[in-house]
Amino acid sequence: MTIDTKLEKEVVCFHCGLEVPSTMKWGINFDGQWRAMCCPGCEAVAQAIINNGLADYYQKRTAYAVSMDSLSEELEFNTAASLETDCSNEEVIETSLIIEGITCSACIWLLERQVQKLRGVVSFKINYATRRGLLKTIGHEVNIADVLTAIRAIGYQAVTFEANKQFLNLQKERKDFLSRIGVAVFCGMQVMMITLGIYVADPSEIDPNMLQFLKWISALLTLPVLLFSAKPFLYAACRDIKNKMPGMDVPVALGISLGFFASLFNTYQGKGDTYYESVCMFVLFLMLARYVEFLTRWYAMSSSERITQAVPMMAKRIAENNVTHKVAANSLALGDYIQINPGEVVPADAVVVDGESQVDESILTGESEPIRKRLNDSVLGGSHNLDNTLIAKVSCVGKDSTLSTIARLIEQAHAQKPAWVETADRFASVFVLMVILVTLGSAIFGYWQGHVDWFSTALSVLVVTCPCALSLATPTAYTAAMSALFDHGIIITKGTALEKLASINRVVFYKTGTLTEGSMNVSDCTVFDGRDKQSIMDIAISLERFSDHPIARAFKHEKTVNPQPASAIEQTNGAGLKGSIEGKTYYIGSQQYIKQSSGLMFETHNSNVTQVYLADDVQCLAVFEIHDDIRQGASSAVNWLKSDGKKVSLLSGDKLSPVAWLAKKVAIEDFKSDATPSDKLKEIDRMQRGGEQVAMVGDGVNDAPILAKADVSISVSGASQLARASSDILLMNNDMQNLQHVFKLSKKTKAIIKQNMAWALVYNIGALPLAMAGHVEPWQAALGMSISSLVVVLNSFLLRFVLPAASKSKKISRLHVG
């Protein structure tokens, strides 16, 4: 049906059907007439369609195409969370896209390079596993429609990311795989049966006309395999050749096409060999290998992408009159009070203000054992309330929520690749060209020597050297490793971290909130000036509420009788703070901080617990004793690291006595106490200048500069501090034994990648002489190449089973430390 009314030509876009601006400055000349367009995106797409000889599209279409401009406006102005568009500041806009048509890592390199050419694009990184692209642009210098047009111009499709849309795309891709495999199996079996009969029978027993008939039947049965099952390979190869960037599908498409058309020519001539069974087997085995690789990606996505769907659609918001209303979860605002009944999912990060219940946070931490939540405890959006009703105050929404932060960090990690992998991707086309040249040389040599089977030999060389396994060697391993770690509550935030971790020879720990849990409490308070303990506690609570240090949490759990607002707060990172209450200056922090800040001199006592002092300008008022628990698995993790040949150190700003006591309990011989942040930086620098590769394990709150200084930084901070963590790796649950899992899997991942690369190279190089010598039939080459790809994918998938299955945390007795 032709859309060609006068009204439409003057008012609506010829391509998408939306209203054309009054200026009508966009459009093309088509079919002898000026066709107005609503935007430059539609103009570019329409021109590309006509330039590629597809003008019949406009004559035969029955509906308008999707508008590029409308999609752009939706991206720019729609604030719905499902679009995953984040204006993290006034300059840079982040947008997530789903990319369709990617077949290998070379595709990713080409797409990233193409988009990064656009003016206003800061970066564009694609996640190999999820096929999601993270686009960062400067303000509104580039229109999203321009980005989508640039992607489509090189033969790929891109749409804005939505969790449900991605799931539907995966379902569609799975059905597409199964249908193409089904056709290849059905037709291939018939061709194999015919071919087997011809091979088994004595040539003299088969009538020549019947033999010719069977070959034509084989050709007819192979045609659906070529046109339908092999279509993705052929399309991708044409796209790569058009972009002058031959990828892994080029030799595949050449092998399939040459095998079929040579067989068709020989069938028409009535003489010569045919390769219909080889073509069918090649396509079938390759589709099976790609399908297994797809299932590996799907499995990886199911473990990480499920967090984007964890938050419920609805929430129970409590109004000012204590009436509960059902509202959309994404409409909650900071300070809203919500009701969470037993069995319901927490709709947003919040702080408990009433009630006590067990909460399952396994989707975030990997721990299946519920956690008891009480007054002032944080509950995370996406976790499950199990026992009793909780009333909570929303503390974080939108892009700053824990789930959004985790999803963003995972996406960034998958998009990053080691430098040598990026180099390999860049030169993949050179490798493909070498394969084609070797094949061409083999064909010319065989023909020149007068070999009867020169074409069969050349076809085997082309198929057997196809570098599919090589392109899958690294990305499949990284995908499987990150997925396995995520199931244990371990998040890799930088893709290069696993590679670096394998070369670490020294691990440095912090004390408070790292080797200890950071769940502190005030166990004792000694007052020096005879004042009431509660009034002293009220002053300490008023000051410590301005600090995020783990020690400050101990005071936040204490009850205040006469709260006194503090002002003029000045903090010294990791040491203490001072502030004014009712016009009087107070200091609270470590003994060293009090003496340096106030100039006071006072007597102190050694203790195995952490001591916090409170003073004014005149005297030291009180000392608080703070108890903490040794983190679960800390001692076993340290012992494992030492048994693995790594040096272990402890750095702390605490006094010598509690630091020495803790170091002895967890078997660390090298420790340093009373260390300021600058002292810690100098210590890390000293180790690195000594040639050591240093991994820093901290709480991610007060140690960000030191974490950044280390070669690999590991954060064990609570989920509420994720937004400020500057670490490469996040341990989401309290079990320090997960540190052992990270090191173990990083070493295994490195070994698996080496095995994959070695296998791919040995197979390609080792099979090449055999194929050139004519000892490998085309169908054998197809089988070997496909098996090679399957070996790489399945070997990478073994990383899923390196770590023990995530299970309930074991209850152990806790040691109180300072």
# chains A, B, ... in the order shown; residues from 1 in each chain; ligands from 1
call {"tool": "residues_around", "arguments": {"residues": "segment 563-576 of chain A", "least_positions_apart": "5", "cutoff": "6 Å", "atoms": "only C-alpha atoms", "output": "list in words"}}
result
Asp538, Ile581, Ile588, Gly589, Ser590 and Tyr593 of chain A
call {"tool": "select_by_dssp", "arguments": {"residues": "segment 626-809 of chain A", "states": "alpha helix (DSSP H)", "output": "CSV table (one decimal) with N, CA and C atoms, in the first residue's frame"}}
result
chain,number,residue,atom,x,y,z
A,634,ALA,N,37.5,-13.7,59.0
A,634,ALA,CA,38.7,-12.9,58.9
A,634,ALA,C,39.9,-13.7,59.1
A,635,SER,N,39.9,-14.5,60.2
A,635,SER,CA,41.1,-15.3,60.5
A,635,SER,C,41.4,-16.3,59.5
A,636,SER,N,40.4,-17.0,59.0
A,636,SER,CA,40.7,-18.0,57.9
A,636,SER,C,41.1,-17.4,56.6
A,637,ALA,N,40.6,-16.2,56.3
A,637,ALA,CA,41.0,-15.5,55.1
A,637,ALA,C,42.4,-15.1,55.2
A,638,VAL,N,42.9,-14.6,56.3
A,638,VAL,CA,44.3,-14.2,56.5
A,638,VAL,C,45.2,-15.4,56.4
A,639,ASN,N,44.8,-16.5,57.0
A,639,ASN,CA,45.6,-17.7,57.0
A,639,ASN,C,45.7,-18.3,55.5
A,640,TRP,N,44.6,-18.2,54.8
A,640,TRP,CA,44.6,-18.7,53.4
A,640,TRP,C,45.6,-17.9,52.5
A,641,LEU,N,45.5,-16.5,52.7
A,641,LEU,CA,46.3,-15.6,51.9
A,641,LEU,C,47.8,-15.9,52.2
A,642,LYS,N,48.1,-16.1,53.5
A,642,LYS,CA,49.5,-16.4,53.8
A,642,LYS,C,50.0,-17.8,53.2
A,643,SER,N,49.1,-18.8,53.3
A,643,SER,CA,49.4,-20.1,52.7
A,643,SER,C,49.6,-20.0,51.2
A,656,LEU,N,48.0,1.3,69.9
A,656,LEU,CA,48.8,0.1,69.7
A,656,LEU,C,48.2,-1.1,70.4
A,657,SER,N,47.6,-0.9,71.6
A,657,SER,CA,47.1,-2.1,72.3
A,657,SER,C,46.0,-2.8,71.6
A,658,PRO,N,44.9,-2.2,71.2
A,658,PRO,CA,43.8,-2.9,70.5
A,658,PRO,C,44.3,-3.4,69.1
A,659,VAL,N,45.2,-2.7,68.4
A,659,VAL,CA,45.6,-3.1,67.1
A,659,VAL,C,46.5,-4.4,67.3
A,660,ALA,N,47.4,-4.4,68.3
A,660,ALA,CA,48.2,-5.6,68.5
A,660,ALA,C,47.4,-6.8,68.9
A,661,TRP,N,46.4,-6.5,69.7
A,661,TRP,CA,45.5,-7.6,70.2
A,661,TRP,C,44.7,-8.3,69.0
A,662,LEU,N,44.2,-7.4,68.1
A,662,LEU,CA,43.5,-7.9,66.9
A,662,LEU,C,44.4,-8.6,66.0
A,663,ALA,N,45.6,-8.0,65.7
A,663,ALA,CA,46.6,-8.7,64.8
A,663,ALA,C,47.0,-10.1,65.3
A,664,LYS,N,47.1,-10.2,66.6
A,664,LYS,CA,47.4,-11.5,67.2
A,664,LYS,C,46.3,-12.5,67.0
A,665,LYS,N,45.0,-12.0,67.1
A,665,LYS,CA,43.9,-12.9,67.0
A,665,LYS,C,43.7,-13.4,65.5
A,677,PRO,N,45.9,9.2,58.0
A,677,PRO,CA,45.7,8.9,56.5
A,677,PRO,C,46.9,9.1,55.7
A,678,SER,N,47.7,10.2,56.0
A,678,SER,CA,48.9,10.4,55.2
A,678,SER,C,50.0,9.3,55.5
A,679,ASP,N,50.0,8.8,56.7
A,679,ASP,CA,50.9,7.7,57.1
A,679,ASP,C,50.6,6.5,56.2
A,680,LYS,N,49.3,6.2,56.1
A,680,LYS,CA,48.9,5.1,55.4
A,680,LYS,C,49.2,5.2,53.9
A,681,LEU,N,49.0,6.4,53.3
A,681,LEU,CA,49.4,6.6,51.9
A,681,LEU,C,50.9,6.4,51.7
A,682,LYS,N,51.7,6.9,52.7
A,682,LYS,CA,53.2,6.7,52.6
A,682,LYS,C,53.6,5.3,52.7
A,683,GLU,N,52.8,4.5,53.5
A,683,GLU,CA,53.2,3.1,53.7
A,683,GLU,C,52.8,2.3,52.4
A,684,ILE,N,51.7,2.6,51.8
A,684,ILE,CA,51.4,1.9,50.5
A,684,ILE,C,52.4,2.3,49.4
A,685,ASP,N,52.8,3.6,49.4
A,685,ASP,CA,53.7,4.0,48.4
A,685,ASP,C,55.1,3.3,48.6
A,686,ARG,N,55.5,3.1,49.9
A,686,ARG,CA,56.8,2.5,50.2
A,686,ARG,C,56.7,1.0,49.7
A,687,MET,N,55.6,0.4,49.9
A,687,MET,CA,55.5,-1.0,49.4
A,687,MET,C,55.6,-1.1,47.9
A,688,GLN,N,54.9,-0.2,47.2
A,688,GLN,CA,54.9,-0.2,45.8
A,688,GLN,C,56.3,0.1,45.2
A,689,ARG,N,57.0,1.1,45.8
A,689,ARG,CA,58.3,1.4,45.4
A,689,ARG,C,59.3,0.2,45.6
A,704,ALA,N,39.1,6.3,51.1
A,704,ALA,CA,39.0,6.3,49.6
A,704,ALA,C,40.3,6.7,49.0
A,705,PRO,N,41.1,7.7,49.4
A,705,PRO,CA,42.4,8.0,48.8
A,705,PRO,C,43.4,6.8,48.8
A,706,ILE,N,43.4,6.1,50.0
A,706,ILE,CA,44.3,5.0,50.1
A,706,ILE,C,43.9,3.8,49.2
A,707,LEU,N,42.6,3.6,49.1
A,707,LEU,CA,42.0,2.6,48.2
A,707,LEU,C,42.4,2.9,46.7
A,708,ALA,N,42.4,4.2,46.4
A,708,ALA,CA,42.7,4.6,45.0
A,708,ALA,C,44.2,4.4,44.8
A,709,LYS,N,45.0,4.5,45.8
A,709,LYS,CA,46.5,4.4,45.6
A,709,LYS,C,46.9,3.0,45.4
A,738,ASN,N,34.9,-14.5,51.7
A,738,ASN,CA,34.7,-14.1,50.3
A,738,ASN,C,36.0,-13.5,49.6
A,739,LEU,N,36.8,-13.0,50.5
A,739,LEU,CA,38.1,-12.5,49.9
A,739,LEU,C,38.9,-13.6,49.4
A,740,GLN,N,38.9,-14.8,50.0
A,740,GLN,CA,39.5,-16.0,49.5
A,740,GLN,C,38.9,-16.4,48.1
A,741,HIS,N,37.6,-16.3,48.0
A,741,HIS,CA,36.9,-16.6,46.8
A,741,HIS,C,37.4,-15.7,45.6
A,742,VAL,N,37.6,-14.4,45.9
A,742,VAL,CA,38.0,-13.5,44.8
A,742,VAL,C,39.4,-13.8,44.3
A,743,PHE,N,40.3,-14.1,45.3
A,743,PHE,CA,41.7,-14.4,44.8
A,743,PHE,C,41.7,-15.7,44.1
A,744,LYS,N,41.0,-16.7,44.6
A,744,LYS,CA,41.0,-18.0,44.0
A,744,LYS,C,40.4,-18.0,42.6
A,745,LEU,N,39.3,-17.2,42.4
A,745,LEU,CA,38.7,-17.2,41.1
A,745,LEU,C,39.5,-16.4,40.1
A,746,SER,N,40.2,-15.3,40.6
A,746,SER,CA,41.0,-14.5,39.7
A,746,SER,C,42.1,-15.4,39.1
A,747,LYS,N,42.8,-16.2,40.0
A,747,LYS,CA,43.8,-17.1,39.5
A,747,LYS,C,43.3,-18.1,38.5
A,748,LYS,N,42.1,-18.7,38.8
A,748,LYS,CA,41.5,-19.7,38.0
A,748,LYS,C,41.1,-19.1,36.6
A,749,THR,N,40.6,-17.8,36.7
A,749,THR,CA,40.1,-17.2,35.5
A,749,THR,C,41.3,-16.9,34.5
A,750,LYS,N,42.4,-16.5,35.1
A,750,LYS,CA,43.7,-16.3,34.3
A,750,LYS,C,44.1,-17.6,33.7
A,751,ALA,N,44.0,-18.7,34.4
A,751,ALA,CA,44.4,-20.0,33.9
A,751,ALA,C,43.4,-20.5,32.8
A,752,ILE,N,42.1,-20.2,33.0
A,752,ILE,CA,41.2,-20.6,32.0
A,752,ILE,C,41.4,-19.9,30.7
A,753,ILE,N,41.6,-18.6,30.8
A,753,ILE,CA,41.9,-17.8,29.6
A,753,ILE,C,43.1,-18.3,28.8
A,754,LYS,N,44.1,-18.6,29.6
A,754,LYS,CA,45.3,-19.1,28.9
A,754,LYS,C,45.0,-20.5,28.2
A,755,GLN,N,44.2,-21.3,28.9
A,755,GLN,CA,43.9,-22.6,28.3
A,755,GLN,C,43.1,-22.4,27.0
A,756,ASN,N,42.1,-21.5,27.1
A,756,ASN,CA,41.3,-21.2,25.9
A,756,ASN,C,42.1,-20.7,24.8
A,757,MET,N,43.0,-19.7,25.0
A,757,MET,CA,43.8,-19.2,24.0
A,757,MET,C,44.8,-20.3,23.4
A,758,ALA,N,45.3,-21.0,24.3
A,758,ALA,CA,46.2,-22.1,23.9
A,758,ALA,C,45.5,-23.1,23.0
A,759,TRP,N,44.3,-23.5,23.5
A,759,TRP,CA,43.5,-24.5,22.7
A,759,TRP,C,43.2,-24.0,21.3
A,760,ALA,N,42.7,-22.7,21.3
A,760,ALA,CA,42.3,-22.1,20.0
A,760,ALA,C,43.5,-22.0,19.1
A,761,LEU,N,44.6,-21.6,19.6
A,761,LEU,CA,45.8,-21.5,18.7
A,761,LEU,C,46.3,-22.8,18.3
A,762,VAL,N,46.4,-23.8,19.2
A,762,VAL,CA,46.9,-25.1,18.9
A,762,VAL,C,46.0,-25.8,17.8
A,763,TYR,N,44.7,-25.6,18.0
A,763,TYR,CA,43.8,-26.2,17.1
A,763,TYR,C,44.0,-25.6,15.7
A,764,ASN,N,43.9,-24.3,15.6
A,764,ASN,CA,44.0,-23.6,14.3
A,764,ASN,C,45.3,-23.9,13.6
A,765,ILE,N,46.4,-23.8,14.4
A,765,ILE,CA,47.8,-24.0,13.8
A,765,ILE,C,48.0,-25.4,13.5
A,766,GLY,N,47.6,-26.3,14.4
A,766,GLY,CA,47.8,-27.7,14.3
A,766,GLY,C,47.0,-28.4,13.1
A,767,ALA,N,45.8,-27.9,13.0
A,767,ALA,CA,44.9,-28.5,12.0
A,767,ALA,C,45.2,-28.0,10.6
A,768,LEU,N,45.9,-26.8,10.5
A,768,LEU,CA,46.1,-26.2,9.2
A,768,LEU,C,47.0,-27.1,8.3
A,769,PRO,N,48.1,-27.6,8.7
A,769,PRO,CA,48.9,-28.4,7.8
A,769,PRO,C,48.2,-29.7,7.3
A,770,LEU,N,47.4,-30.3,8.3
A,770,LEU,CA,46.6,-31.4,7.8
A,770,LEU,C,45.6,-31.1,6.8
A,771,ALA,N,44.9,-29.9,6.9
A,771,ALA,CA,43.9,-29.5,5.9
A,771,ALA,C,44.6,-29.2,4.6
A,772,MET,N,45.8,-28.5,4.6
A,772,MET,CA,46.5,-28.2,3.4
A,772,MET,C,47.0,-29.4,2.7
A,778,PRO,N,36.0,-31.4,4.2
A,778,PRO,CA,35.2,-30.2,4.6
A,778,PRO,C,34.3,-30.5,5.8
A,779,TRP,N,33.6,-31.6,5.8
A,779,TRP,CA,32.7,-31.9,6.9
A,779,TRP,C,33.4,-32.1,8.2
A,780,GLN,N,34.6,-32.7,8.1
A,780,GLN,CA,35.5,-32.9,9.3
A,780,GLN,C,36.0,-31.6,9.8
A,781,ALA,N,36.3,-30.7,8.9
A,781,ALA,CA,36.8,-29.3,9.3
A,781,ALA,C,35.7,-28.6,10.0
A,782,ALA,N,34.4,-28.7,9.5
A,782,ALA,CA,33.3,-28.0,10.1
A,782,ALA,C,33.0,-28.6,11.5
A,783,LEU,N,33.1,-29.9,11.6
A,783,LEU,CA,32.9,-30.5,12.9
A,783,LEU,C,34.0,-30.1,13.9
A,784,GLY,N,35.3,-30.1,13.5
A,784,GLY,CA,36.4,-29.7,14.3
A,784,GLY,C,36.3,-28.3,14.8
A,785,MET,N,36.0,-27.3,13.8
A,785,MET,CA,35.9,-25.9,14.2
A,785,MET,C,34.8,-25.7,15.2
A,786,SER,N,33.7,-26.3,15.0
A,786,SER,CA,32.5,-26.2,16.0
A,786,SER,C,32.9,-26.7,17.3
A,787,ILE,N,33.5,-27.9,17.3
A,787,ILE,CA,33.9,-28.5,18.6
A,787,ILE,C,34.9,-27.6,19.3
A,788,SER,N,35.8,-27.0,18.6
A,788,SER,CA,36.8,-26.1,19.2
A,788,SER,C,36.1,-24.9,19.9
A,789,SER,N,35.1,-24.4,19.3
A,789,SER,CA,34.3,-23.3,19.9
A,789,SER,C,33.6,-23.8,21.1
A,790,LEU,N,33.0,-25.0,21.0
A,790,LEU,CA,32.3,-25.5,22.2
A,790,LEU,C,33.2,-25.8,23.4
A,791,VAL,N,34.4,-26.3,23.1
A,791,VAL,CA,35.4,-26.5,24.1
A,791,VAL,C,35.7,-25.2,24.9
A,792,VAL,N,35.9,-24.1,24.2
A,792,VAL,CA,36.2,-22.9,24.8
A,792,VAL,C,35.1,-22.4,25.7
A,793,VAL,N,33.9,-22.4,25.1
A,793,VAL,CA,32.7,-22.0,25.9
A,793,VAL,C,32.5,-22.8,27.1
A,794,LEU,N,32.5,-24.1,27.0
A,794,LEU,CA,32.3,-25.0,28.1
A,794,LEU,C,33.4,-24.9,29.2
A,795,ASN,N,34.6,-24.7,28.7
A,795,ASN,CA,35.8,-24.6,29.6
A,795,ASN,C,35.6,-23.3,30.4
A,796,SER,N,35.1,-22.2,29.8
A,796,SER,CA,34.8,-21.0,30.5
A,796,SER,C,33.7,-21.2,31.5
A,797,PHE,N,32.7,-21.9,31.1
A,797,PHE,CA,31.6,-22.2,32.0
A,797,PHE,C,31.9,-22.9,33.3
call {"tool": "residues_around", "arguments": {"residues": "Arg180 of chain A", "least_positions_apart": "3", "cutoff": "12 Å", "atoms": "only C-alpha atoms", "output": "ChimeraX atom specification"}}
result
/A:173-177,183-188,224-233,280,283-288,290-291
call {"tool": "select_by_dssp", "arguments": {"residues": "segment 234-473 of chain A", "states": "strand (DSSP E)", "output": "VMD selection string"}}
result
chain A and resid 314 to 318 324 to 328 337 to 340 349 to 354 357 to 360 371 to 373 378 to 379 384 to 385 390 to 396
call {"tool": "atom_distance", "arguments": {"atom1": "atom CA of Gly382 of chain A", "atom2": "atom CA of Leu295 of chain A"}}
result
25.9 Å
call {"tool": "residues_around", "arguments": {"residues": "Ile490 of chain A", "least_positions_apart": "5", "cutoff": "7 Å", "atoms": "only C-alpha atoms", "output": "VMD selection string"}}
result
chain A and resid 485 730 to 732
call {"tool": "atom_distance", "arguments": {"atom1": "atom CA of Asp674 of chain A", "atom2": "atom CA of Leu600 of chain A"}}
result
18.2 Å
call {"tool": "residues_around", "arguments": {"residues": "segment 514-528 of chain A", "least_positions_apart": "4", "cutoff": "9 Å", "atoms": "only C-alpha atoms", "output": "ChimeraX atom specification"}}
result
/A:509-510,532-533,536-537,550-555,557-558,619-632,634-635,662,666,697-699,715-717,734,736,817-818
call {"tool": "atom_distance", "arguments": {"atom1": "atom CA of Val250 of chain A", "atom2": "atom CA of Thr160 of chain A"}}
result
28.9 Å
call {"tool": "residues_around", "arguments": {"residues": "Ile102 of chain A", "least_positions_apart": "6", "cutoff": "9 Å", "atoms": "only C-alpha atoms", "output": "CSV table (one decimal) with C-alpha atoms, in the first residue's frame"}}
result
chain,number,residue,atom,x,y,z
A,108,ILE,CA,32.1,-4.4,19.9
A,128,TYR,CA,29.8,-8.3,25.8
A,131,ARG,CA,24.8,-6.5,24.8
A,156,TYR,CA,23.5,-2.9,13.8
A,236,ALA,CA,27.1,-10.2,9.5
call {"tool": "closest_residue", "arguments": {"among": "A:Val508, A:Gly343, A:Cys466, A:Asn321", "to": "Phe282 of chain A", "atoms": "only C-alpha atoms"}}
result
A:Cys466
call {"tool": "residues_around", "arguments": {"residues": "Ile126 of chain A", "least_positions_apart": "6", "cutoff": "7 Å", "atoms": "only C-alpha atoms", "output": "list of chain:residue names"}}
result
A:Ile108, A:Arg132, A:Gly133, A:Leu134, A:Ala415
call {"tool": "closest_residue", "arguments": {"among": "A:Glu344, A:Asp728, A:Asp616, A:Glu582", "to": "Met314 of chain A", "atoms": "only C-alpha atoms"}}
result
A:Glu344
